[in-house]
Structure formats: structure tokens, C-alpha cells
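Everything below belongs to run-v9.cif, which stores mmCIF, C-alpha atoms and all ligand atoms.
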```cif
data_work
loop_
_atom_site.label_atom_id
_atom_site.label_comp_id
_atom_site.auth_asym_id
_atom_site.auth_seq_id
_atom_site.Cartn_x
_atom_site.Cartn_y
_atom_site.Cartn_z
CA LYS A 70 0.00 0.00 0.00
CA HIS A 71 1.67 3.27 -1.15
CA TRP A 72 1.65 6.50 0.86
CA ILE A 73 -0.78 9.25 -0.13
CA SER A 74 0.18 12.81 0.81
CA PHE A 75 -2.09 15.66 1.96
CA SER A 76 1.06 17.63 2.80
CA HIS A 77 0.88 21.44 2.49
CA MET A 78 4.68 21.63 2.62
CA ALA A 79 5.53 20.19 -0.73
CA THR A 80 5.02 20.89 -4.41
CA ASP A 81 4.61 18.22 -7.06
CA THR A 82 8.16 17.83 -8.33
CA THR A 83 6.96 15.27 -10.89
CA GLN A 84 5.35 18.24 -12.64
CA PHE A 85 8.36 20.55 -12.49
CA PRO A 86 9.92 21.21 -15.95
CA PHE A 87 13.42 20.07 -14.96
CA ASP A 88 14.44 19.85 -18.64
CA ARG A 89 13.60 23.56 -19.06
CA TRP A 90 15.33 24.41 -15.79
CA VAL A 91 18.49 22.55 -16.82
CA HIS A 92 18.40 24.29 -20.23
CA CYS A 93 18.33 27.64 -18.41
CA GLU A 94 21.17 26.52 -16.15
CA GLN A 95 23.27 25.44 -19.17
CA ARG A 96 22.77 28.84 -20.77
CA VAL A 97 23.92 30.49 -17.55
CA ILE A 98 27.03 28.30 -17.43
CA LYS A 99 27.73 29.05 -21.10
CA HIS A 100 27.21 32.84 -21.00
CA SER A 101 27.64 33.98 -17.41
CA ARG A 102 30.13 31.67 -15.79
CA GLU A 103 32.34 34.64 -14.74
CA GLN A 104 29.43 35.71 -12.50
CA MET A 105 30.12 32.69 -10.32
CA ASN A 106 32.70 34.79 -8.49
CA ASN A 107 30.23 37.56 -7.87
CA ILE A 108 29.05 37.00 -4.30
CA LYS A 109 29.56 40.59 -3.24
CA HIS A 110 26.12 42.12 -3.42
CA PRO A 111 24.30 41.55 -0.10
CA GLN A 112 20.92 41.88 -1.82
CA GLY A 113 21.65 39.44 -4.63
CA LEU A 114 22.55 40.05 -8.29
CA TYR A 115 21.04 43.22 -9.73
CA SER A 116 19.83 41.53 -12.94
CA VAL A 117 17.98 38.88 -10.88
CA ARG A 118 16.37 41.57 -8.76
CA GLU A 119 15.24 43.36 -11.94
CA SER A 120 13.52 40.20 -13.20
CA ILE A 121 11.78 39.64 -9.85
CA CYS A 122 10.63 43.29 -9.79
CA ARG A 123 9.08 42.94 -13.24
CA LEU A 124 7.44 39.63 -12.30
CA ILE A 125 5.81 40.73 -9.03
CA SER A 126 4.66 44.04 -10.46
CA LEU A 127 2.92 42.04 -13.20
CA THR A 128 1.51 39.26 -11.00
CA ARG A 129 0.95 41.02 -7.65
CA GLY A 130 0.83 44.73 -8.40
CA VAL A 131 3.88 45.26 -6.18
CA LYS A 132 5.51 48.61 -6.91
CA CYS A 133 9.29 48.53 -6.45
CA PHE A 134 12.71 49.15 -7.94
CA PRO A 135 15.44 46.47 -8.10
CA GLU A 136 17.33 48.53 -5.47
CA GLN A 137 14.61 47.65 -2.96
CA VAL A 138 14.78 43.87 -3.46
CA VAL A 139 16.68 41.71 -0.98
CA LEU A 140 17.12 38.02 -1.79
CA GLY A 141 17.59 35.38 0.89
CA ALA A 142 17.74 31.59 1.10
CA GLY A 143 14.39 31.38 2.92
CA THR A 144 11.96 33.63 4.76
CA HIS A 145 13.87 33.11 8.00
CA PHE A 146 17.04 34.72 6.60
CA LEU A 147 15.05 37.73 5.41
CA MET A 148 13.30 38.03 8.77
CA GLN A 149 16.66 37.83 10.54
CA MET A 150 18.02 40.71 8.48
CA PHE A 151 14.83 42.73 8.82
CA ILE A 152 14.59 42.67 12.61
CA ARG A 153 18.09 44.19 12.79
CA LEU A 154 16.97 47.22 10.79
CA LEU A 155 14.65 48.31 13.58
CA PRO A 156 15.25 49.96 16.97
CA GLU A 157 16.28 47.39 19.62
CA ASN A 158 13.09 47.07 21.65
CA SER A 159 10.63 47.00 18.73
CA THR A 160 7.67 44.75 19.49
CA PHE A 161 6.50 42.25 16.91
CA SER A 162 3.03 40.71 16.57
CA MET A 163 1.64 37.94 14.40
CA GLU A 164 -1.47 35.89 13.69
CA ASP A 165 -2.60 33.09 16.00
CA PRO A 166 -3.13 30.46 14.63
CA GLY A 167 -0.10 31.39 12.54
CA TYR A 168 3.21 30.41 11.04
CA LYS A 169 4.76 28.65 14.02
CA ARG A 170 8.25 28.46 12.49
CA ILE A 171 8.53 32.25 12.36
CA TYR A 172 7.07 32.56 15.87
CA THR A 173 9.71 30.17 17.22
CA PHE A 174 12.38 31.92 15.16
CA LEU A 175 11.50 35.35 16.58
CA LYS A 176 11.47 33.95 20.11
CA ASN A 177 14.93 32.46 19.55
CA GLU A 178 16.10 35.85 18.33
CA GLN A 179 14.94 37.27 21.68
CA VAL A 180 12.40 39.48 19.90
CA HIS A 181 9.29 40.57 21.83
CA VAL A 182 6.55 38.85 19.86
CA LYS A 183 2.87 39.00 20.81
CA THR A 184 0.03 37.29 18.99
CA PHE A 185 -3.34 38.63 17.82
CA GLY A 186 -6.43 36.68 16.83
CA ILE A 187 -7.93 36.27 13.38
CA ASP A 188 -11.60 36.53 12.40
CA GLU A 189 -13.26 35.56 9.14
CA LYS A 190 -11.48 38.50 7.45
CA GLY A 191 -8.03 37.52 8.74
CA ALA A 192 -5.88 39.52 11.17
CA SER A 193 -8.07 41.23 13.80
CA ILE A 194 -7.53 45.00 13.66
CA ASN A 195 -9.11 45.36 17.14
CA ASP A 196 -6.56 42.94 18.60
CA ILE A 197 -3.75 44.78 16.79
CA ARG A 198 -4.87 48.13 18.24
CA ARG A 199 -5.13 46.60 21.70
CA LEU A 200 -1.61 45.13 21.49
CA ASN A 201 -0.16 48.35 20.03
CA PRO A 202 2.95 46.66 18.55
CA ASN A 203 5.54 48.16 16.21
CA ILE A 204 5.48 45.39 13.64
CA VAL A 205 2.51 43.40 12.35
CA TYR A 206 3.40 40.22 10.45
CA ILE A 207 0.45 38.97 8.37
CA THR A 208 -0.40 36.56 5.53
CA PRO A 209 -3.32 38.41 3.87
CA SER A 210 -3.48 36.53 0.56
CA HIS A 211 -4.02 33.09 2.06
CA GLN A 212 -3.81 33.27 5.84
CA PHE A 213 -1.49 30.58 7.12
CA PRO A 214 -2.79 28.06 8.18
CA THR A 215 -6.55 28.78 7.83
CA GLY A 216 -6.37 30.00 4.22
CA ARG A 217 -8.56 33.05 4.83
CA LEU A 218 -8.43 35.89 2.32
CA MET A 219 -8.18 39.39 3.81
CA PRO A 220 -10.67 41.69 2.04
CA ILE A 221 -9.51 45.10 0.83
CA ALA A 222 -11.41 46.96 3.59
CA ARG A 223 -9.48 45.14 6.33
CA ARG A 224 -6.21 45.78 4.47
CA VAL A 225 -6.96 49.49 4.41
CA GLN A 226 -7.79 49.43 8.14
CA ILE A 227 -4.43 47.83 8.95
CA LEU A 228 -2.61 50.25 6.64
CA ASN A 229 -4.32 53.19 8.35
CA TRP A 230 -3.25 51.80 11.71
CA ALA A 231 0.36 51.65 10.48
CA MET A 232 0.21 55.23 9.20
CA GLU A 233 -0.80 56.60 12.61
CA SER A 234 2.72 56.36 13.99
CA ASN A 235 6.31 56.48 12.73
CA HIS A 236 7.46 53.26 14.30
CA ARG A 237 4.88 50.97 12.78
CA TYR A 238 5.43 48.55 9.88
CA ILE A 239 3.51 45.76 8.21
CA LEU A 240 5.31 42.63 7.08
CA GLU A 241 3.18 41.21 4.26
CA ASP A 242 4.08 37.55 3.75
CA ASP A 243 2.64 36.75 0.32
CA TYR A 244 4.00 33.17 0.30
CA ASP A 245 1.14 31.37 -1.42
CA SER A 246 -0.39 33.93 -3.77
CA GLU A 247 0.23 32.57 -7.26
CA PHE A 248 -2.79 30.30 -7.28
CA LYS A 249 -6.33 31.70 -7.04
CA TYR A 250 -9.40 29.67 -7.99
CA GLU A 251 -12.71 31.44 -7.48
CA SER A 252 -11.83 35.05 -8.22
CA ASP A 253 -8.93 37.08 -9.56
CA THR A 254 -5.97 37.63 -7.29
CA ILE A 255 -6.35 40.61 -4.99
CA PRO A 256 -3.28 42.81 -5.49
CA ALA A 257 -0.71 42.77 -2.69
CA LEU A 258 -1.28 45.00 0.34
CA GLN A 259 2.01 46.65 -0.66
CA SER A 260 0.32 47.99 -3.79
CA LEU A 261 -1.99 50.10 -1.56
CA ASP A 262 0.89 51.45 0.54
CA THR A 263 1.71 55.13 -0.05
CA PHE A 264 3.61 55.74 3.19
CA GLU A 265 6.43 53.18 2.90
CA LYS A 266 4.85 51.09 5.67
CA VAL A 267 4.78 47.66 4.03
CA ILE A 268 7.66 45.24 3.69
CA TYR A 269 6.57 42.74 1.04
CA MET A 270 7.90 39.19 1.44
CA GLY A 271 7.64 36.52 -1.25
CA CYS A 272 9.22 33.21 -2.20
CA PHE A 273 9.45 30.63 -5.00
CA SER A 274 8.75 27.73 -2.62
CA LYS A 275 5.16 27.23 -3.70
CA SER A 276 5.33 28.43 -7.32
CA LEU A 277 8.46 26.40 -8.10
CA MET A 278 9.94 24.17 -5.35
CA PRO A 279 10.75 24.76 -1.66
CA GLY A 280 14.18 23.17 -2.15
CA LEU A 281 15.39 26.02 -4.41
CA ARG A 282 15.61 28.20 -1.30
CA VAL A 283 15.04 31.56 -3.05
CA SER A 284 12.86 34.07 -1.20
CA TYR A 285 12.86 37.86 -1.26
CA MET A 286 11.66 40.96 0.53
CA ILE A 287 10.97 44.45 -0.82
CA LEU A 288 12.21 47.14 1.55
CA PRO A 289 10.65 50.64 1.61
CA GLN A 290 13.24 53.16 0.37
CA HIS A 291 13.96 54.72 3.79
CA LEU A 292 14.86 51.28 5.25
CA LEU A 293 17.18 50.62 2.32
CA TYR A 294 19.54 53.23 3.66
CA VAL A 295 19.69 51.46 7.04
CA PHE A 296 20.10 48.09 5.28
CA ARG A 297 23.01 49.29 3.14
CA LYS A 298 24.84 50.70 6.14
CA LYS A 299 24.33 47.60 8.28
CA TYR A 300 24.90 44.91 5.63
CA ALA A 301 27.51 46.52 3.35
CA ASP A 302 29.92 43.61 3.96
CA PHE A 303 27.30 40.88 3.96
CA PHE A 304 27.41 38.03 1.43
CA GLN A 305 24.20 36.96 -0.26
CA SER A 306 22.84 33.59 1.04
CA CYS A 307 21.31 32.41 -2.27
CA SER A 308 23.59 30.55 -4.68
CA VAL A 309 24.61 32.63 -7.70
CA LEU A 310 23.92 29.70 -10.05
CA THR A 311 20.39 29.33 -8.69
CA GLN A 312 19.82 33.10 -8.87
CA LEU A 313 20.91 33.33 -12.52
CA THR A 314 19.07 30.16 -13.55
CA LEU A 315 15.92 31.51 -11.92
CA GLN A 316 16.40 34.80 -13.78
CA GLU A 317 16.76 32.94 -17.09
CA PHE A 318 13.71 30.82 -16.23
CA ILE A 319 11.68 34.01 -15.62
CA ASP A 320 13.04 36.08 -18.52
CA SER A 321 12.53 33.25 -21.03
CA GLY A 322 8.83 33.04 -20.09
CA GLU A 323 9.19 29.53 -18.67
CA TYR A 324 8.08 30.72 -15.23
CA GLN A 325 4.74 32.09 -16.44
CA LYS A 326 4.19 29.00 -18.60
CA HIS A 327 4.78 26.80 -15.55
CA ILE A 328 2.43 28.81 -13.32
CA LYS A 329 -0.32 28.67 -15.97
CA ARG A 330 0.03 24.90 -16.29
CA MET A 331 0.22 24.28 -12.51
CA LYS A 332 -2.78 26.53 -11.87
CA GLN A 333 -4.83 24.39 -14.25
CA LEU A 334 -3.55 21.19 -12.64
CA TYR A 335 -4.08 22.35 -9.06
CA GLN A 336 -7.55 23.69 -9.99
CA GLU A 337 -8.57 20.24 -11.24
CA ARG A 338 -7.13 18.47 -8.19
CA ARG A 339 -8.77 20.94 -5.79
CA GLU A 340 -12.18 20.57 -7.44
CA MET A 341 -11.99 16.78 -7.51
CA LEU A 342 -10.76 16.62 -3.90
CA ILE A 343 -13.56 18.88 -2.61
CA LYS A 344 -16.22 16.92 -4.56
CA THR A 345 -14.90 13.59 -3.27
CA LEU A 346 -14.78 14.93 0.31
CA GLU A 347 -18.41 16.11 0.00
CA ILE A 348 -19.50 12.68 -1.23
CA HIS A 349 -17.77 10.83 1.63
CA PHE A 350 -18.21 13.27 4.51
CA GLY A 351 -21.33 15.29 3.63
CA ASP A 352 -22.15 17.66 6.47
CA GLN A 353 -19.71 15.92 8.82
CA MET A 354 -17.05 18.33 7.54
CA THR A 355 -16.57 22.05 6.90
CA ILE A 356 -13.95 23.49 4.56
CA GLU A 357 -12.46 26.99 4.57
CA GLY A 358 -9.64 28.86 2.86
CA ALA A 359 -9.97 26.89 -0.36
CA ASN A 360 -10.21 29.81 -2.77
CA ALA A 361 -6.43 30.22 -3.09
CA GLY A 362 -3.09 28.52 -2.48
CA LEU A 363 -2.14 24.88 -2.26
CA HIS A 364 -4.00 23.85 0.88
CA PHE A 365 -7.25 24.50 2.78
CA ARG A 366 -8.55 23.92 6.29
CA ILE A 367 -11.01 21.09 7.00
CA THR A 368 -12.88 20.51 10.28
CA PHE A 369 -14.63 17.22 11.06
CA THR A 370 -17.49 16.58 13.48
CA THR A 371 -16.27 13.56 15.40
CA GLY A 372 -15.88 12.45 19.01
CA ARG A 373 -12.34 11.26 18.21
CA THR A 374 -9.31 13.34 19.30
CA THR A 375 -6.87 14.85 16.80
CA GLU A 376 -4.08 12.69 18.19
CA HIS A 377 -6.12 9.55 17.62
CA ILE A 378 -6.92 10.60 14.05
CA LEU A 379 -3.27 11.39 13.28
CA LYS A 380 -2.26 7.96 14.58
CA ARG A 381 -4.92 6.25 12.48
CA ALA A 382 -3.87 8.35 9.45
CA LYS A 383 -0.34 6.97 9.76
CA GLU A 384 -1.73 3.45 9.92
CA GLU A 385 -3.71 4.21 6.74
CA LYS A 386 -0.51 5.56 5.17
CA ILE A 387 -1.76 9.08 4.53
CA GLU A 388 0.49 12.07 5.28
CA LEU A 389 -1.75 14.46 7.22
CA TYR A 390 -1.11 17.58 9.34
CA SER A 391 -3.36 18.97 12.04
CA MET A 392 -3.97 22.63 12.79
CA ASN A 393 -2.91 22.23 16.43
CA PRO A 394 0.83 23.02 16.07
CA PHE A 395 -0.12 26.43 14.62
CA TYR A 396 -2.04 27.61 17.68
CA LEU A 397 0.75 29.67 19.19
CA THR A 398 -0.79 30.80 22.48
CA ASN A 399 -4.59 30.64 22.49
CA THR A 400 -5.11 26.96 23.31
CA GLU A 401 -8.92 26.94 23.74
CA SER A 402 -9.60 27.26 19.99
CA ASN A 403 -7.83 24.07 19.04
CA GLN A 404 -10.50 21.85 20.60
CA GLU A 405 -11.86 21.43 17.07
CA THR A 406 -10.59 18.49 15.03
CA SER A 407 -9.15 20.66 12.23
CA PHE A 408 -6.59 19.61 9.64
CA ILE A 409 -4.67 21.15 6.78
CA LEU A 410 -5.37 19.45 3.47
CA GLY A 411 -2.73 20.12 0.86
CA PHE A 412 -3.28 19.00 -2.72
CA ALA A 413 -0.01 20.04 -4.37
CA LYS A 414 1.41 16.54 -3.95
CA LEU A 415 -1.84 14.68 -4.52
CA PRO A 416 -2.17 13.27 -8.04
CA LYS A 417 -5.78 13.03 -9.27
CA GLU A 418 -5.57 9.25 -9.41
CA HIS A 419 -4.84 9.14 -5.63
CA ILE A 420 -7.68 11.44 -4.57
CA HIS A 421 -10.41 8.84 -4.30
CA GLU A 422 -8.28 6.36 -2.38
CA GLY A 423 -6.86 9.17 -0.20
CA VAL A 424 -10.32 10.37 0.85
CA LYS A 425 -11.48 6.82 1.56
CA ARG A 426 -8.45 6.27 3.81
CA LEU A 427 -9.09 9.62 5.49
CA TYR A 428 -12.69 8.57 6.18
CA ARG A 429 -11.49 5.29 7.69
CA ALA A 430 -8.93 7.15 9.81
CA ILE A 431 -11.68 9.31 11.32
CA TYR A 432 -14.77 7.16 11.41
CA GLY A 433 -13.38 3.64 10.86
C1 LIG B 501 3.53 31.50 6.07
C2 LIG B 501 4.70 31.06 5.25
N1 LIG B 501 5.58 32.00 4.81
C3 LIG B 501 6.63 31.66 4.04
C4 LIG B 501 6.85 30.35 3.69
C5 LIG B 501 8.02 30.03 2.77
O1 LIG B 501 9.14 29.80 3.54
P1 LIG B 501 10.56 29.76 2.76
O2 LIG B 501 10.43 28.73 1.69
O3 LIG B 501 11.53 29.39 3.81
O4 LIG B 501 10.76 31.14 2.20
C6 LIG B 501 5.99 29.34 4.13
C7 LIG B 501 6.27 27.93 3.72
N2 LIG B 501 5.50 26.98 4.48
C8 LIG B 501 6.15 25.75 4.90
C9 LIG B 501 6.72 25.02 3.73
F1 LIG B 501 5.75 24.87 2.80
C10 LIG B 501 5.11 24.87 5.59
C11 LIG B 501 4.54 25.53 6.80
C12 LIG B 501 4.86 24.69 8.00
O5 LIG B 501 4.19 23.64 8.18
O6 LIG B 501 5.74 25.10 8.74
C13 LIG B 501 4.90 29.70 4.94
O7 LIG B 501 4.03 28.77 5.40
#
```
If you convert what's in this file into C-alpha cells, what do you get?
Ligand SMILES: Cc1ncc(COP(=O)(O)O)c(CN[C@H](CF)CCC(=O)O)c1O
Amino acid sequence: KHWISFSHMATDTTQFPFDRWVHCEQRVIKHSREQMNNIKHPQGLYSVRESICRLISLTRGVKCFPEQVVLGAGTHFLMQMFIRLLPENSTFSMEDPGYKRIYTFLKNEQVHVKTFGIDEKGASINDIRRLNPNIVYITPSHQFPTGRLMPIARRVQILNWAMESNHRYILEDDYDSEFKYESDTIPALQSLDTFEKVIYMGCFSKSLMPGLRVSYMILPQHLLYVFRKKYADFFQSCSVLTQLTLQEFIDSGEYQKHIKRMKQLYQERREMLIKTLEIHFGDQMTIEGANAGLHFRITFTTGRTTEHILKRAKEEKIELYSMNPFYLTNTESNQETSFILGFAKLPKEHIHEGVKRLYRAIYG
């Protein structure tokens, strides 16, 4: 019996155009091999930053110049650099449930980090006002882990909050924004920012593969100055070969071709998965956060505990993650038996069997 994966942490590498990627890499090695000594620029190669600028302005409405782009081998690296641009005792805040890895990371960096709740529109502006932090870290396009989409009105409210004081910033983590299913993508929060309050963070982990380790942040101009002073002697953490291959992959149009194809594929998988879940579970389940990204949240009505279900899932050989690890402080809310269902690594031919095993794991 083979494993079936509902993981939200992986992309379907069987669908990645490795032949196209290798072609781009060969062109880099043929034409730009002297660049392999160029590790100097702390923000990454200028030409790569230009390509990313063009891409995110096209796909996310992000307004920026290549000078504002900082590359890093993962969101953590970018976060680590960012926190050092701010005054020592700046207080951070983030969503709960939220991205546990960043929460733990900030704690390890001895940063004051508080958490605020989320409602059906995402980050709670009332909680944010009550906490009165300096930095708000949010995932408005596809709230992690619930998948909620933050409507424009709430985005404007949070922006207005940030504009009320000098020492307030918004970290917009747009990690899972390439794939939208019901409606068109809502432009990034950064595109509404006229007061240099938003630091836009993105990555290629979902659109390409997490293993490439290329992520980026867009600094507002006035923070660039601080960055340049502090990190003048810093080496870039992303490999030059990966940077230049990625640039070639984007400039040659392969990136957009890939996204178009994956969107179609993920759309089909998502639809089939939701239909199959409805057939098997009926009103014993509720789904949310399914209108974007590569996972959604599912809650089952059952007397069984989450631990029991996870154990049974292993026995049924399905890779399944619960919502519980992402409740950072407020424990009462994770009494529900809620799970994250990812479909990026779930081929259509496994969906039926996967849902049947899931049913057995919960009600069997
Ligand atoms: C909210 C959020 N912001 C960024 C990333 C991208 O991180 P990086 O590739 O290191 O740049 C992820 C990626 N999410 C993890 C990998 F998919 C899974 C989540 C888990 O379970 O910790 C994420 O959730």
C-alpha cells in the first residue's frame, strides 16, 4: 500500500519542468560563468532583482525598484536581516493560529513577539490596536494556516493603523499567492501602501519548489539606507547559479508558462478533492480557505481526538497535518478536530483512495 500525501509543505516535483530548468542553467554556465565569483552584493545580483521586480509588479501589483529587493535563502534569513533594521526594543506581533516556524524563530532571536487573533477576514484590527505593537506580520493573501483571504477593507484598516505612527510597519508575507481559484488575485497589500509602511515578502517555494531556497523581501526606500549601512559587507545567502538560472527561467517566459500549467492542474485536483470529500463526509465536515493557495482547512465533526486521528492516518498511510501546532498561544480554539489538506502533492488518481483512507482514519 503506497503512501498518499495531503502535505501542504511540498510541491509536485513530478510536474516541475526540470528539462527547461536545466536548459536555463546550461545557458547560464555558457554565457555567465564569470558571474560565479560575484558574491559581493548583499541583496543578490542586480539583474535577478530586476527580473523579480518585473514579475511581481505584473503578478501582484507590487511597486518597487530592483534597489529595494533583498534576496535570501528562505523567509527566516530575510526576517533575521529585517529585525536588525529596527530599533532594539521594537515589538512584533503575528497571527494566532499562525506560522509557528517564524514565531519560534522570533522567540529564539529574543524578539518581543505578541500574537493577535484572526476573524473571518483575517488579522483582527481590534486585537492589533489593543496590542499596540511596532510590527505586524500577516499573511493576507491566504492566511497561514486557515487560508482566509483578507478583504480590501481590512487591508486598508491595517494600513491606516500603520500610518498613525512612525514606528509601525507591516510585514506582508505573500508566500502562497500565485494560485487563485474562485476570483482574480487581490493585489498585494504593498500595492496600496503610499507611506512606505509595508515590507513585502515573497518566495518561490510554492510556485516552483521549496528546495530552491530563493525568497525575497521588498524594503521601503527609507529602510534601504539602514540596510546598506548595516549589511555593506554581507554576502548573499542564495547561490549565484540558482539566482541566474531563476532569472533565465523568468526572462525566457518559462516561469509564467509553468504557473499557468500548474494553476490548471491544481484547480482540477482541488475541485476533484472537494467533490470527493463532499460525497464521503457530507455535512460531517466544513472546509475553509480553499479559494487560493495549495491547501485548505477542513474541520470534522467527530468524538475522536486529533491525536487519535493522526495515529490512524499513519496506519492508513496518509500524510496528514493537524492545525494544532499552529495555535501559538490561544489553546482553547484548538479543541476542534481541524486539519490542513494540501493537494499540491496529490495526483488526481490518488484522490479517491486518499479520501477513503481519510474517512477510515476518522470514522473507521
Ligand atoms: C507562512 C509562510 N511563509 C513563508 C513560507 C516560505 O518559507 P521559505 O520557503 O523558507 O521562504 C511558508 C512555507 N510553508 C512551509 C513550507 F511549505 C510549511 C509551513 C509549516 O508547516 O511550517 C509559509 O508557510
So how far away is CA of Gln259 in chain A from CA of Tyr238 in chain A, in Å?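 Taking CA of Tyr238 in chain A and CA of Gln259 in chain A, their separation equals 11.2 Å.
Between CA of Gln226 in chain A and CA of Ser193 in chain A there is a distance of 10.0 Å.
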Residue contacts of Met219 in chain A (6 Å, all atoms listed in the file) excluding same-chain residues fewer than 6 positions away, as a list in words: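 Non-adjacent residues within range: Lys190, Gly191 and Pro209 of chain A.
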May I ask you to write as a list in words all residues lying at most 7 Å from ligand LIG 501 (chain B), with all atoms listed in the file counted?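 Residues satisfying the distance criterion: His77, Met78, Ala79, Gly143, Thr144, His145, Tyr168, Lys169, Arg170, Thr208, Phe213, Asp242, Tyr244, Cys272, Ser274, Lys275, Pro279, Arg282, Val283 and Ser284 of chain A.
Going from CA of Thr311 in chain A over to CA of Gly271 in chain A, you cover 16.4 Å.
Distance annotation: of A:Ser308, A:Met148, A:Thr371, A:Ser391, the residue with the minimal separation from Tyr432 in chain A is A:Thr371; atom set is all atoms listed in the file.
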